[in-house]
Amino acid sequence: MATHESPMRYEEDGNVHLDFHGATNTTIDFIVERFGVDAMDAIFRKVGRDVYASIRSDLIAGDTRQLVRQWRHFFDREGAEYDIEIGADEIVLTVRRCTAWHHVKGLVGHVSPHFCDQTSRTNEAMAEGSPFAIDTEITGEGACRQVIARRA
Amino acid sequence: MIPSDHFTRFYNEIFKFLESQGEEALEAYWLAISKNQERHILDLIQTQGLAGMYEYWSHIKIEENCDMDLDFNEDRLELRMNVCPSLSKVMDNDAAPMERYCDHCAGWIGPIMDKTGYHMVYDVIDRTKPQCVTRIFKDPDKAREAEKSAQLLMGWPGHKVG
């Protein structure tokens, strides 16, 4: 693993506009209804590969630190309830209360059944071609477990 | 989770996909977003008119970290975006910006103005620069007059320009 830590590519600060999660929910419903789940998944994978190219590049180089920093930075900004355990063999992010999911639920009452695909698919795409797999398990409403582990 | 801070970069990927599917797909999406946004702004406009719009965008200016001047008087509201955070993020991006990224703003606001009886003049100025000027009038004649000084006038579904 590289010894010099990459800076976080997108380190936004200022105020947080949680209503964007409502627009994401509307977008997912729109794309899935018109073009199908595969099209939505392809867009999420593109986000993982292209928008998060810097994290992906680090993962390919064997460095998980930028992704973990991003998790901390943005879950803190959005006031999520979560823990990150960094072990010898795996890194586990446990989200007990996802702000995005609960904000959408409060805003529109309906959360797309594909809402959490944004996490699963972008994680998979960021890890593509790297020594790591990132598995996302949805453990409940607005709750999940994300595990970074070296591929067998 | 794609953080709310990164929504515009996700939005950019959606626009690129929809553009590849044709103009009708892009316009249908703007209308879906417009419908979504009605829950935030429609009641304000219907009950308070231009003052309600001023209240909405005053809130957005803070929450979305906009460098924007709002000028409200009895016959029009002007939004002068000095540094648009949305396009700025899309340009500060490892993924390529969609060339018509700015069009989405007129795409969702315009239909709400049509629905509520207001007239929008949206001057993008230059799609590669994160700045624009939007003026909203109650009087259609004043809007038509304002269109004459626009540098890059933007239309929306049901309201083509140029």
# chains A, B, ... in the order shown; residues from 1 in each chain; ligands from 1
call {"tool": "interface_residues", "arguments": {"of": "chain A", "to": "chain B", "cutoff": "8 Å", "atoms": "only C-alpha atoms", "output": "list in words"}}
result
Glu12, Gly14, Asn15, Val16, His17, Leu18, Asp19, Phe20, His21, Gly22, Ala23, Thr24, Thr26, Thr27, Phe30, Ile43, Lys46, Val47, Asp50, Val51, Tyr52, Ala53, Ser54, Phe74, Phe75, Ala100, Cys116, Gln118 and Thr119 of chain A
call {"tool": "closest_atom_pairs", "arguments": {"of": "stretch 97-124 of chain B", "to": "stretch 138-145 of chain B", "cutoff": "7 Å", "atoms": "only C-alpha atoms", "output": "Markdown table"}}
result
| residue | atom | partner | partner_atom | distance |
| --- | --- | --- | --- | --- |
| B:Tyr118 | CA | B:Lys138 | CA | 4.9 |
| B:His119 | CA | B:Pro140 | CA | 5.9 |
| B:Met120 | CA | B:Ala143 | CA | 6.8 |
| B:Val121 | CA | B:Ala143 | CA | 6.3 |
call {"tool": "write_last_selection", "arguments": {"atoms": "C-alpha atoms", "output": "PDB file, in the first residue's frame"}}
result
ATOM      1  CA  TYR B 118     -45.396  33.695 -14.431  1.00  0.00           C
ATOM      2  CA  HIS B 119     -42.930  34.417 -17.214  1.00  0.00           C
ATOM      3  CA  MET B 120     -39.299  33.445 -16.899  1.00  0.00           C
ATOM      4  CA  VAL B 121     -36.369  34.854 -18.840  1.00  0.00           C
TER       5      VAL B 121
END
call {"tool": "select_by_dssp", "arguments": {"residues": "stretch 39-118 of chain A", "states": "strand (DSSP E)", "output": "PyMOL selection string"}}
result
chain A and resi 81-86+90-97
call {"tool": "select_by_dssp", "arguments": {"residues": "chain A", "states": "alpha helix (DSSP H)", "output": "MDAnalysis selection string"}}
result
chainID A and resid 20:35 37:46 53:60 65:77 99:108 117:127
call {"tool": "residues_around", "arguments": {"residues": "B:Cys84", "least_positions_apart": "2", "cutoff": "12 Å", "atoms": "only C-alpha atoms", "output": "PyMOL selection string"}}
result
chain B and resi 8+60-61+64-69+79-82+86-91+101-102+105+124+127-133
